[in-house]
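Asks: This is the structure, below, for whatever I ask next.
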Amino acid sequence: MKTTIIKITDAARDAAKIRQAAEVLKAGGLAALPTETVYGLAANALDEDAVMSIYRAKGRPADNPMIVHVASLEDIHPLVTDFPPEAERLAKRFWPGPLTMILPKTGAVPDVVSAKLPTVAIRMPSHPVFRAIVRECGLPLAAPSANVSGRPSPTNARHCIEDLNGKVDIIVDGGECEVGLESTVVSLCGEVPRLLRPGICSPEELLEILPDITVDPAVSARLAENAKPASPGMKYRHYAPNIKLVLVHGNRGEFTRFVKTKPAAGALVFDGEEKRVSVPCVTYGPADDPVRQANRLFSALRELDALGTAVVYARAPEQYGAGLAVYNRLLRAAGFEEIYL
Ligand code: TXA
Ligand code: MG
C-alpha cells in the first residue's frame, strides 16, 4: 500500500487537507493522526472492516479494545447507555483533553472495537487538527496509538512513518505531541471509579473530582499469570525498545556507582546526568519535572536502540503527579524488570 504523508500546521487554513484526511476515513481507510497525547491510528468506529484493519496494521492482539474518539458531548449519546454525574464532572474539568472514560456501551459500538466487553472507552481530544478531522468526517473514530503493537507510542510523524509506512492510507503530520504520553484511563463501570491507566491528568487531580477513586493494582505491578486485567492493554509488554531495559531505583550517586560496574551497558538518565555516567546514554527530561519526562519518554525509548548496547539501565522516576504515568510506562518497557539499589 502506498502511504500518503501530508503536513497540517493550521487546521483552519488547511481546510483542503482536513477534507482529504476525512475522505480517507469516510471511505473506510486508515489514517495516522496527531492528538495532544500521542499519534492515533484512526478508522471509522462504526465500520467493522475498517476497525479490523487497524488490528492488522498494528499487529494488535484481538482481545485489546480500542478508544473511541469524538468531537463533542452530543456525539457520545449514541455510544453509551449511561453518562453518570461523575462523567459529567470529569468531562467539564478535562475535556477536550487527555482523559478517557470507560462507560457501558450501546449496540451501536461494534464488538471488534470493545473486544467483546460490555463497555466502551471514550475520549474527546483537544488537538485542533484531530478535532477538525473528526468534525469534517462526522464519525466517531476508533484509534489506538499509531505504533506497531509493543513499540513505544509515536509522539511525532517520523515515529508513525517508522512503524506504519506502507501499512496505512495516510499519515497526517501535525508536529510534536504536547503531552507525549497516552491519556489517563478511568473506568466508571464499577461500584467506585477506578484509575486503569495513569496519564498527565494525575491521581491527585482526579481525587479532587472523584474522592472515592481507586487505583487499579495493575498500574504499578505485574499481574499474576491467570489474572483478568480490568484494562486488557495492561498485561502486555509495551512501549518497548528493541533492546533489554532494566529499571533501577536509587539516588543519583547510587546509580552512577552501579553503572560503573556495568561497562558494557547503556543508560537512560535525567538531563545533566549524562556527564556523570561512564557509558553511552540517552536522557529523558529533568529529574524534578515529571511533565517534561512524560513529554520526552517515548522519543528517548526509541533512541535507545541506537546505543548499540545489549542492556540499558534506566533511572526510575519519582511516582507523584504525572510521575506515576512515567513510571507505569517505563515498568512495561522494562518487562517489569526492576532493581532496588
Ligand atoms: O492518548 C490515548 O489514549 C491514545 C490516543 C490516540 O487517543 N490512544 C491510546 O490507545 O493510547 P491504546 O489503544 O494504545 O490504549 C487504550 C487502552 C488500552 O490499554 C486498552 O486495553 C484500554 O485503553 N481500553 C480500551 N477500551 C477499554 C474498555 N472497554 N475497558 C477497559 N479498558 C479499555
Ligand atoms: Mg498503545
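Ordered as shown in the C-alpha cells, chains take letters A, B, and onward, while each chain numbers its residues from 1 and ligands are numbered from 1 in the order shown.
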Determine which residues of segment 44-149 of chain A DSSP labels as strand (DSSP E) from the backbone of this structure, then write them out as a PDB file with C-alpha atoms, in the first residue's frame.
Replies:
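states-v9.pdb written:
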```pdb
ATOM      1  CA  ASN A  44     -14.485   4.738  11.415  1.00  0.00           C
ATOM      2  CA  ILE A  67     -10.707   4.025  22.459  1.00  0.00           C
ATOM      3  CA  VAL A  68     -13.489   5.769  20.504  1.00  0.00           C
ATOM      4  CA  HIS A  69     -12.754   9.449  19.868  1.00  0.00           C
ATOM      5  CA  LEU A  99      -8.645  11.736  29.632  1.00  0.00           C
ATOM      6  CA  THR A 100     -10.501   8.553  28.592  1.00  0.00           C
ATOM      7  CA  MET A 101     -13.638   7.255  30.354  1.00  0.00           C
ATOM      8  CA  ILE A 102     -14.860   3.657  30.289  1.00  0.00           C
ATOM      9  CA  LEU A 103     -18.678   3.594  30.120  1.00  0.00           C
ATOM     10  CA  PRO A 104     -21.380   0.992  29.393  1.00  0.00           C
ATOM     11  CA  THR A 119     -18.117  -1.291  27.863  1.00  0.00           C
ATOM     12  CA  VAL A 120     -16.515   1.298  25.604  1.00  0.00           C
ATOM     13  CA  ALA A 121     -13.619   3.729  26.124  1.00  0.00           C
ATOM     14  CA  ILE A 122     -14.472   7.317  25.101  1.00  0.00           C
ATOM     15  CA  ARG A 123     -12.140  10.294  24.657  1.00  0.00           C
ATOM     16  CA  LEU A 141     -13.095   7.327  15.365  1.00  0.00           C
ATOM     17  CA  ALA A 142     -11.597   4.169  16.869  1.00  0.00           C
TER      18      ALA A 142
END
```
Asks: May I ask you to write as a list in words all residues lying at most 6 Å from ligand 2, with only C-alpha atoms and all ligand atoms counted?
Replies: Pro144, Ser145 and Ser153 of chain A
Asks: Write out as an mmCIF file with all heavy atoms, in the first residue's frame each polymer residue (protein, DNA or RNA) that has an atom no more than 8 Å from ligand 1, with only C-alpha atoms and all ligand atoms counted.
Replies:
```
data_model
loop_
_atom_site.group_PDB
_atom_site.id
_atom_site.type_symbol
_atom_site.label_atom_id
_atom_site.label_comp_id
_atom_site.auth_asym_id
_atom_site.auth_seq_id
_atom_site.Cartn_x
_atom_site.Cartn_y
_atom_site.Cartn_z
ATOM 1 N N LEU A 33 -3.161 10.017 12.895
ATOM 2 C CA LEU A 33 -3.499 11.421 13.159
ATOM 3 C C LEU A 33 -2.857 11.920 14.457
ATOM 4 O O LEU A 33 -2.771 11.167 15.435
ATOM 5 C CB LEU A 33 -5.023 11.574 13.308
ATOM 6 C CG LEU A 33 -5.911 11.077 12.174
ATOM 7 C CD1 LEU A 33 -7.388 11.267 12.553
ATOM 8 C CD2 LEU A 33 -5.596 11.829 10.877
ATOM 9 N N PRO A 34 -2.479 13.208 14.480
ATOM 10 C CA PRO A 34 -1.913 13.755 15.716
ATOM 11 C C PRO A 34 -3.005 13.989 16.761
ATOM 12 O O PRO A 34 -4.104 14.424 16.422
ATOM 13 C CB PRO A 34 -1.335 15.102 15.260
ATOM 14 C CG PRO A 34 -2.178 15.504 14.088
ATOM 15 C CD PRO A 34 -2.571 14.218 13.412
ATOM 16 N N THR A 35 -2.728 13.663 18.028
ATOM 17 C CA THR A 35 -3.565 14.143 19.131
ATOM 18 C C THR A 35 -2.606 14.805 20.118
ATOM 19 O O THR A 35 -1.393 14.719 19.943
ATOM 20 C CB THR A 35 -4.365 13.025 19.851
ATOM 21 O OG1 THR A 35 -3.554 12.427 20.847
ATOM 22 C CG2 THR A 35 -4.913 11.976 18.884
ATOM 23 N N GLU A 36 -3.144 15.436 21.151
ATOM 24 C CA GLU A 36 -2.265 16.114 22.114
ATOM 25 C C GLU A 36 -1.472 15.112 22.957
ATOM 26 O O GLU A 36 -0.438 15.451 23.512
ATOM 27 C CB GLU A 36 -3.071 17.067 23.006
ATOM 28 C CG GLU A 36 -3.975 16.410 24.041
ATOM 29 C CD GLU A 36 -5.295 15.901 23.451
ATOM 30 O OE1 GLU A 36 -5.388 15.787 22.203
ATOM 31 O OE2 GLU A 36 -6.211 15.615 24.233
ATOM 32 N N THR A 37 -1.933 13.843 23.029
ATOM 33 C CA THR A 37 -1.202 12.848 23.835
ATOM 34 C C THR A 37 -0.136 12.168 22.984
ATOM 35 O O THR A 37 1.055 12.410 23.140
ATOM 36 C CB THR A 37 -2.172 11.799 24.418
ATOM 37 O OG1 THR A 37 -2.906 11.197 23.346
ATOM 38 C CG2 THR A 37 -3.111 12.419 25.420
ATOM 39 N N VAL A 38 -0.592 11.284 22.076
ATOM 40 C CA VAL A 38 0.299 10.591 21.139
ATOM 41 C C VAL A 38 -0.449 10.512 19.809
ATOM 42 O O VAL A 38 -1.638 10.827 19.750
ATOM 43 C CB VAL A 38 0.638 9.153 21.628
ATOM 44 C CG1 VAL A 38 1.340 9.190 22.989
ATOM 45 C CG2 VAL A 38 -0.602 8.266 21.708
ATOM 46 N N TYR A 39 0.219 10.097 18.737
ATOM 47 C CA TYR A 39 -0.485 9.921 17.461
ATOM 48 C C TYR A 39 -1.399 8.694 17.559
ATOM 49 O O TYR A 39 -1.042 7.697 18.190
ATOM 50 C CB TYR A 39 0.506 9.739 16.303
ATOM 51 C CG TYR A 39 1.008 11.060 15.748
ATOM 52 C CD1 TYR A 39 1.859 11.875 16.499
ATOM 53 C CD2 TYR A 39 0.616 11.500 14.479
ATOM 54 C CE1 TYR A 39 2.298 13.098 15.996
ATOM 55 C CE2 TYR A 39 1.049 12.720 13.973
ATOM 56 C CZ TYR A 39 1.888 13.512 14.734
ATOM 57 O OH TYR A 39 2.311 14.727 14.240
ATOM 58 N N GLY A 40 -2.587 8.786 16.929
ATOM 59 C CA GLY A 40 -3.529 7.682 16.926
ATOM 60 C C GLY A 40 -3.676 7.115 15.523
ATOM 61 O O GLY A 40 -3.520 7.837 14.532
ATOM 62 N N LEU A 41 -3.952 5.804 15.449
ATOM 63 C CA LEU A 41 -4.216 5.178 14.146
ATOM 64 C C LEU A 41 -5.732 5.016 14.025
ATOM 65 O O LEU A 41 -6.327 4.127 14.630
ATOM 66 C CB LEU A 41 -3.510 3.828 14.045
ATOM 67 C CG LEU A 41 -3.759 3.059 12.745
ATOM 68 C CD1 LEU A 41 -3.420 3.905 11.534
ATOM 69 C CD2 LEU A 41 -2.960 1.773 12.727
ATOM 70 N N ALA A 42 -6.356 5.910 13.249
ATOM 71 C CA ALA A 42 -7.811 6.053 13.286
ATOM 72 C C ALA A 42 -8.523 5.380 12.127
ATOM 73 O O ALA A 42 -8.005 5.278 11.014
ATOM 74 C CB ALA A 42 -8.163 7.542 13.305
ATOM 75 N N ASN A 64 -7.572 -6.757 22.795
ATOM 76 C CA ASN A 64 -7.252 -5.448 23.372
ATOM 77 C C ASN A 64 -8.154 -4.374 22.750
ATOM 78 O O ASN A 64 -7.956 -3.988 21.602
ATOM 79 C CB ASN A 64 -5.770 -5.129 23.126
ATOM 80 C CG ASN A 64 -5.285 -3.975 23.994
ATOM 81 O OD1 ASN A 64 -6.044 -3.431 24.804
ATOM 82 N ND2 ASN A 64 -4.030 -3.603 23.823
ATOM 83 N N PRO A 65 -9.153 -3.883 23.510
ATOM 84 C CA PRO A 65 -10.144 -2.961 22.934
ATOM 85 C C PRO A 65 -9.557 -1.582 22.622
ATOM 86 O O PRO A 65 -8.473 -1.245 23.084
ATOM 87 C CB PRO A 65 -11.194 -2.850 24.036
ATOM 88 C CG PRO A 65 -10.455 -3.143 25.297
ATOM 89 C CD PRO A 65 -9.387 -4.129 24.941
ATOM 90 N N MET A 66 -10.312 -0.806 21.847
ATOM 91 C CA MET A 66 -9.825 0.499 21.398
ATOM 92 C C MET A 66 -10.641 1.649 21.982
ATOM 93 O O MET A 66 -11.809 1.481 22.319
ATOM 94 C CB MET A 66 -9.944 0.580 19.887
ATOM 95 C CG MET A 66 -9.001 -0.369 19.219
ATOM 96 S SD MET A 66 -9.238 -0.264 17.450
ATOM 97 C CE MET A 66 -8.292 -1.692 16.980
ATOM 98 N N ILE A 67 -10.019 2.812 22.016
ATOM 99 C CA ILE A 67 -10.707 4.025 22.459
ATOM 100 C C ILE A 67 -11.474 4.612 21.272
ATOM 101 O O ILE A 67 -10.962 4.647 20.149
ATOM 102 C CB ILE A 67 -9.680 5.050 22.991
ATOM 103 C CG1 ILE A 67 -8.933 4.472 24.202
ATOM 104 C CG2 ILE A 67 -10.378 6.365 23.345
ATOM 105 C CD1 ILE A 67 -7.785 5.350 24.707
ATOM 106 N N HIS A 69 -12.999 8.017 19.734
ATOM 107 C CA HIS A 69 -12.754 9.449 19.868
ATOM 108 C C HIS A 69 -13.891 10.252 19.237
ATOM 109 O O HIS A 69 -14.336 9.928 18.135
ATOM 110 C CB HIS A 69 -11.435 9.823 19.189
ATOM 111 C CG HIS A 69 -10.242 9.119 19.772
ATOM 112 N ND1 HIS A 69 -10.013 7.769 19.572
ATOM 113 C CD2 HIS A 69 -9.227 9.569 20.542
ATOM 114 C CE1 HIS A 69 -8.893 7.426 20.211
ATOM 115 N NE2 HIS A 69 -8.400 8.496 20.795
ATOM 116 N N PRO A 98 -6.658 15.084 27.646
ATOM 117 C CA PRO A 98 -6.023 13.755 27.713
ATOM 118 C C PRO A 98 -6.634 12.796 28.731
ATOM 119 O O PRO A 98 -5.921 12.213 29.544
ATOM 120 C CB PRO A 98 -4.579 14.092 28.068
ATOM 121 C CG PRO A 98 -4.666 15.365 28.824
ATOM 122 C CD PRO A 98 -5.836 16.120 28.292
ATOM 123 N N LEU A 99 -7.964 12.649 28.715
ATOM 124 C CA LEU A 99 -8.645 11.736 29.632
ATOM 125 C C LEU A 99 -9.589 10.825 28.847
ATOM 126 O O LEU A 99 -10.291 11.294 27.948
ATOM 127 C CB LEU A 99 -9.471 12.522 30.652
ATOM 128 C CG LEU A 99 -10.277 11.619 31.594
ATOM 129 C CD1 LEU A 99 -9.404 11.098 32.723
ATOM 130 C CD2 LEU A 99 -11.488 12.328 32.144
ATOM 131 N N THR A 100 -9.595 9.528 29.211
ATOM 132 C CA THR A 100 -10.501 8.553 28.592
ATOM 133 C C THR A 100 -11.398 7.971 29.683
ATOM 134 O O THR A 100 -10.916 7.665 30.768
ATOM 135 C CB THR A 100 -9.682 7.423 27.939
ATOM 136 O OG1 THR A 100 -8.918 7.989 26.876
ATOM 137 C CG2 THR A 100 -10.575 6.319 27.387
ATOM 138 N N ILE A 102 -14.229 4.923 30.667
ATOM 139 C CA ILE A 102 -14.860 3.657 30.289
ATOM 140 C C ILE A 102 -16.312 3.700 30.769
ATOM 141 O O ILE A 102 -16.574 3.926 31.958
ATOM 142 C CB ILE A 102 -14.157 2.444 30.947
ATOM 143 C CG1 ILE A 102 -12.640 2.499 30.764
ATOM 144 C CG2 ILE A 102 -14.742 1.138 30.440
ATOM 145 C CD1 ILE A 102 -12.127 2.242 29.408
ATOM 146 N N LEU A 103 -17.239 3.490 29.833
ATOM 147 C CA LEU A 103 -18.678 3.594 30.120
ATOM 148 C C LEU A 103 -19.401 2.397 29.511
ATOM 149 O O LEU A 103 -18.869 1.743 28.607
ATOM 150 C CB LEU A 103 -19.207 4.908 29.504
ATOM 151 C CG LEU A 103 -18.654 6.195 30.140
ATOM 152 C CD1 LEU A 103 -18.831 7.394 29.219
ATOM 153 C CD2 LEU A 103 -19.324 6.449 31.488
ATOM 154 N N VAL A 113 -14.547 -3.252 18.296
ATOM 155 C CA VAL A 113 -13.986 -2.064 18.951
ATOM 156 C C VAL A 113 -13.751 -2.354 20.435
ATOM 157 O O VAL A 113 -12.702 -2.039 20.993
ATOM 158 C CB VAL A 113 -14.934 -0.853 18.809
ATOM 159 C CG1 VAL A 113 -14.450 0.317 19.658
ATOM 160 C CG2 VAL A 113 -15.066 -0.443 17.358
ATOM 161 N N SER A 114 -14.733 -2.979 21.081
ATOM 162 C CA SER A 114 -14.669 -3.180 22.528
ATOM 163 C C SER A 114 -14.096 -4.546 22.892
ATOM 164 O O SER A 114 -14.064 -4.898 24.068
ATOM 165 C CB SER A 114 -16.070 -3.036 23.128
ATOM 166 O OG SER A 114 -16.932 -3.979 22.531
ATOM 167 N N ALA A 115 -13.619 -5.295 21.886
ATOM 168 C CA ALA A 115 -13.094 -6.649 22.117
ATOM 169 C C ALA A 115 -14.105 -7.464 22.935
ATOM 170 O O ALA A 115 -13.737 -8.132 23.899
ATOM 171 C CB ALA A 115 -11.717 -6.591 22.776
ATOM 172 N N LEU A 117 -16.168 -6.656 25.159
ATOM 173 C CA LEU A 117 -16.538 -6.199 26.504
ATOM 174 C C LEU A 117 -17.884 -5.471 26.409
ATOM 175 O O LEU A 117 -18.228 -4.946 25.353
ATOM 176 C CB LEU A 117 -15.473 -5.235 27.058
ATOM 177 C CG LEU A 117 -14.098 -5.821 27.364
ATOM 178 C CD1 LEU A 117 -13.118 -4.708 27.726
ATOM 179 C CD2 LEU A 117 -14.192 -6.828 28.499
ATOM 180 N N PRO A 118 -18.634 -5.378 27.534
ATOM 181 C CA PRO A 118 -19.910 -4.639 27.509
ATOM 182 C C PRO A 118 -19.708 -3.132 27.645
ATOM 183 O O PRO A 118 -20.665 -2.386 27.819
ATOM 184 C CB PRO A 118 -20.648 -5.205 28.725
ATOM 185 C CG PRO A 118 -19.583 -5.676 29.644
ATOM 186 C CD PRO A 118 -18.405 -6.069 28.809
ATOM 187 N N THR A 119 -18.438 -2.697 27.605
ATOM 188 C CA THR A 119 -18.117 -1.291 27.863
ATOM 189 C C THR A 119 -17.365 -0.697 26.677
ATOM 190 O O THR A 119 -16.873 -1.427 25.816
ATOM 191 C CB THR A 119 -17.215 -1.187 29.104
ATOM 192 O OG1 THR A 119 -16.055 -2.005 28.874
ATOM 193 C CG2 THR A 119 -17.925 -1.658 30.349
ATOM 194 N N VAL A 120 -17.287 0.636 26.662
ATOM 195 C CA VAL A 120 -16.515 1.298 25.604
ATOM 196 C C VAL A 120 -15.698 2.444 26.213
ATOM 197 O O VAL A 120 -16.150 3.119 27.142
ATOM 198 C CB VAL A 120 -17.439 1.808 24.463
ATOM 199 C CG1 VAL A 120 -18.449 2.829 24.963
ATOM 200 C CG2 VAL A 120 -16.623 2.395 23.309
ATOM 201 N N ALA A 121 -14.492 2.636 25.678
ATOM 202 C CA ALA A 121 -13.619 3.729 26.124
ATOM 203 C C ALA A 121 -13.881 4.942 25.230
ATOM 204 O O ALA A 121 -13.862 4.821 24.005
ATOM 205 C CB ALA A 121 -12.156 3.291 26.011
ATOM 206 N N ARG A 123 -13.021 9.137 24.412
ATOM 207 C CA ARG A 123 -12.140 10.294 24.657
ATOM 208 C C ARG A 123 -12.483 11.420 23.690
ATOM 209 O O ARG A 123 -12.839 11.161 22.535
ATOM 210 C CB ARG A 123 -10.670 9.873 24.470
ATOM 211 C CG ARG A 123 -9.683 11.017 24.653
ATOM 212 C CD ARG A 123 -8.305 10.477 24.962
ATOM 213 N NE ARG A 123 -7.339 10.680 23.889
ATOM 214 C CZ ARG A 123 -6.703 11.826 23.644
ATOM 215 N NH1 ARG A 123 -6.977 12.905 24.373
ATOM 216 N NH2 ARG A 123 -5.811 11.908 22.677
ATOM 217 N N PRO A 125 -10.368 14.362 22.279
ATOM 218 C CA PRO A 125 -9.048 15.011 22.230
ATOM 219 C C PRO A 125 -9.151 16.521 21.995
ATOM 220 O O PRO A 125 -10.149 17.003 21.464
ATOM 221 C CB PRO A 125 -8.367 14.342 21.027
ATOM 222 C CG PRO A 125 -9.139 13.103 20.763
ATOM 223 C CD PRO A 125 -10.550 13.422 21.168
ATOM 224 N N ALA A 143 -9.333 4.612 17.651
ATOM 225 C CA ALA A 143 -7.910 4.885 17.419
ATOM 226 C C ALA A 143 -7.045 4.436 18.583
ATOM 227 O O ALA A 143 -7.072 5.049 19.650
ATOM 228 C CB ALA A 143 -7.677 6.374 17.152
ATOM 229 N N PRO A 144 -6.273 3.384 18.394
ATOM 230 C CA PRO A 144 -5.202 3.085 19.346
ATOM 231 C C PRO A 144 -3.993 3.941 18.984
ATOM 232 O O PRO A 144 -4.020 4.655 17.973
ATOM 233 C CB PRO A 144 -4.911 1.609 19.079
ATOM 234 C CG PRO A 144 -5.284 1.382 17.658
ATOM 235 C CD PRO A 144 -6.324 2.418 17.290
ATOM 236 N N SER A 145 -2.948 3.886 19.787
ATOM 237 C CA SER A 145 -1.742 4.627 19.441
ATOM 238 C C SER A 145 -1.186 4.080 18.111
ATOM 239 O O SER A 145 -1.312 2.894 17.815
ATOM 240 C CB SER A 145 -0.713 4.487 20.564
ATOM 241 O OG SER A 145 -0.591 3.133 20.960
ATOM 242 N N ALA A 146 -0.568 4.972 17.313
ATOM 243 C CA ALA A 146 -0.198 4.633 15.931
ATOM 244 C C ALA A 146 1.191 4.004 15.830
ATOM 245 O O ALA A 146 2.009 4.392 14.996
ATOM 246 C CB ALA A 146 -0.289 5.883 15.055
ATOM 247 N N SER A 153 4.801 4.350 21.911
ATOM 248 C CA SER A 153 3.791 5.132 21.179
ATOM 249 C C SER A 153 4.459 6.290 20.451
ATOM 250 O O SER A 153 5.431 6.854 20.938
ATOM 251 C CB SER A 153 2.752 5.666 22.160
ATOM 252 O OG SER A 153 2.106 4.607 22.812
ATOM 253 N N LEU A 181 2.514 11.310 26.412
ATOM 254 C CA LEU A 181 2.097 10.004 26.965
ATOM 255 C C LEU A 181 0.610 9.836 26.693
ATOM 256 O O LEU A 181 -0.123 10.820 26.640
ATOM 257 C CB LEU A 181 2.262 9.959 28.478
ATOM 258 C CG LEU A 181 3.617 9.748 29.106
ATOM 259 C CD1 LEU A 181 3.426 9.483 30.595
ATOM 260 C CD2 LEU A 181 4.392 8.613 28.472
ATOM 261 N N GLU A 182 0.142 8.586 26.601
ATOM 262 C CA GLU A 182 -1.271 8.340 26.333
ATOM 263 C C GLU A 182 -2.156 8.867 27.461
ATOM 264 O O GLU A 182 -1.706 9.037 28.594
ATOM 265 C CB GLU A 182 -1.565 6.853 26.159
ATOM 266 C CG GLU A 182 -0.728 6.158 25.135
ATOM 267 C CD GLU A 182 0.559 5.657 25.730
ATOM 268 O OE1 GLU A 182 0.934 6.105 26.829
ATOM 269 O OE2 GLU A 182 1.188 4.809 25.078
ATOM 270 N N SER A 183 -3.459 8.997 27.138
ATOM 271 C CA SER A 183 -4.433 9.555 28.071
ATOM 272 C C SER A 183 -4.554 8.738 29.362
ATOM 273 O O SER A 183 -4.293 7.537 29.394
ATOM 274 C CB SER A 183 -5.802 9.610 27.388
ATOM 275 O OG SER A 183 -6.201 8.316 26.986
ATOM 276 N N THR A 184 -4.983 9.424 30.400
ATOM 277 C CA THR A 184 -5.392 8.795 31.659
ATOM 278 C C THR A 184 -6.687 8.028 31.386
ATOM 279 O O THR A 184 -7.601 8.571 30.773
ATOM 280 C CB THR A 184 -5.675 9.906 32.704
ATOM 281 O OG1 THR A 184 -4.498 10.705 32.849
ATOM 282 C CG2 THR A 184 -6.087 9.333 34.035
ATOM 283 N N VAL A 185 -6.769 6.760 31.822
ATOM 284 C CA VAL A 185 -7.999 5.975 31.608
ATOM 285 C C VAL A 185 -8.685 5.720 32.950
ATOM 286 O O VAL A 185 -8.071 5.166 33.867
ATOM 287 C CB VAL A 185 -7.706 4.626 30.902
ATOM 288 C CG1 VAL A 185 -8.996 3.814 30.731
ATOM 289 C CG2 VAL A 185 -7.037 4.850 29.547
ATOM 290 N N SER A 187 -12.248 4.076 34.699
ATOM 291 C CA SER A 187 -13.474 3.294 34.485
ATOM 292 C C SER A 187 -14.576 3.805 35.405
ATOM 293 O O SER A 187 -14.367 3.974 36.608
ATOM 294 C CB SER A 187 -13.223 1.818 34.768
ATOM 295 O OG SER A 187 -14.479 1.149 34.771
ATOM 296 N N LEU A 196 -7.410 3.119 35.620
ATOM 297 C CA LEU A 196 -6.855 1.932 34.961
ATOM 298 C C LEU A 196 -5.493 2.214 34.341
ATOM 299 O O LEU A 196 -4.648 1.336 34.256
ATOM 300 C CB LEU A 196 -7.803 1.442 33.859
ATOM 301 C CG LEU A 196 -9.211 1.031 34.272
ATOM 302 C CD1 LEU A 196 -9.958 0.459 33.078
ATOM 303 C CD2 LEU A 196 -9.168 0.019 35.402
ATOM 304 N N ARG A 197 -5.316 3.437 33.836
ATOM 305 C CA ARG A 197 -4.015 3.795 33.250
ATOM 306 C C ARG A 197 -3.712 5.242 33.636
ATOM 307 O O ARG A 197 -4.476 6.138 33.300
ATOM 308 C CB ARG A 197 -4.059 3.659 31.716
ATOM 309 C CG ARG A 197 -2.723 3.993 31.054
ATOM 310 C CD ARG A 197 -2.722 3.724 29.553
ATOM 311 N NE ARG A 197 -3.521 4.684 28.817
ATOM 312 C CZ ARG A 197 -3.710 4.651 27.499
ATOM 313 N NH1 ARG A 197 -3.153 3.691 26.782
ATOM 314 N NH2 ARG A 197 -4.449 5.563 26.904
ATOM 315 N N ALA A 230 -8.449 -5.409 34.377
ATOM 316 C CA ALA A 230 -9.589 -4.520 34.133
ATOM 317 C C ALA A 230 -9.420 -3.859 32.771
ATOM 318 O O ALA A 230 -10.381 -3.573 32.077
ATOM 319 C CB ALA A 230 -9.663 -3.477 35.233
ATOM 320 N N SER A 231 -8.169 -3.599 32.392
ATOM 321 C CA SER A 231 -7.882 -2.997 31.096
ATOM 322 C C SER A 231 -6.930 -3.949 30.363
ATOM 323 O O SER A 231 -5.790 -4.107 30.769
ATOM 324 C CB SER A 231 -7.224 -1.640 31.306
ATOM 325 O OG SER A 231 -6.902 -1.078 30.072
ATOM 326 N N PRO A 232 -7.416 -4.610 29.303
ATOM 327 C CA PRO A 232 -6.602 -5.657 28.671
ATOM 328 C C PRO A 232 -5.205 -5.181 28.263
ATOM 329 O O PRO A 232 -4.246 -5.952 28.331
ATOM 330 C CB PRO A 232 -7.434 -6.039 27.451
ATOM 331 C CG PRO A 232 -8.845 -5.713 27.843
ATOM 332 C CD PRO A 232 -8.740 -4.491 28.697
ATOM 333 N N GLY A 233 -5.067 -3.904 27.885
ATOM 334 C CA GLY A 233 -3.768 -3.393 27.443
ATOM 335 C C GLY A 233 -2.704 -3.446 28.521
ATOM 336 O O GLY A 233 -1.508 -3.404 28.253
ATOM 337 N N MET A 234 -3.133 -3.563 29.801
ATOM 338 C CA MET A 234 -2.188 -3.521 30.912
ATOM 339 C C MET A 234 -1.321 -4.762 31.015
ATOM 340 O O MET A 234 -0.319 -4.770 31.716
ATOM 341 C CB MET A 234 -2.955 -3.406 32.221
ATOM 342 C CG MET A 234 -3.769 -2.168 32.298
ATOM 343 S SD MET A 234 -2.757 -0.888 32.945
ATOM 344 C CE MET A 234 -3.772 -0.427 34.302
#
```
Asks: Find the spatial neighbours of segment 136-138 of chain A, counting only C-alpha atoms, within a cut-off of 10 Å - ignore same-chain residues fewer than 3 positions away - and output them as a ChimeraX atom specification.
Replies: /A:15,18-27,44,70-71,75,130-133,141
Asks: Residues near segment 326-328 of chain A, anyone? I mean within 10 Å using only C-alpha atoms, not counting same-chain ones fewer than 4 positions away, as an MDAnalysis selection string.
Replies: chainID A and resid 181 197:200 218:221 234 247 290:298 316:322 332:333 336
Asks: In Å to one decimal, how far is atom CA of Arg329 of chain A from atom CA of Gly150 of chain A?
Replies: 11.6 Å
Asks: How many Å separate atom CA of Asp111 of chain A from atom CA of Gly190 of chain A?
Replies: 20.2 Å
Asks: Between A:Leu210, A:Arg194, A:Tyr340, A:Leu330, which residue has the minimum interatomic distance to Phe255 of chain A, considering only C-alpha atoms?
Replies: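 Smallest separation from Phe255 of chain A among the options: A:Tyr340.
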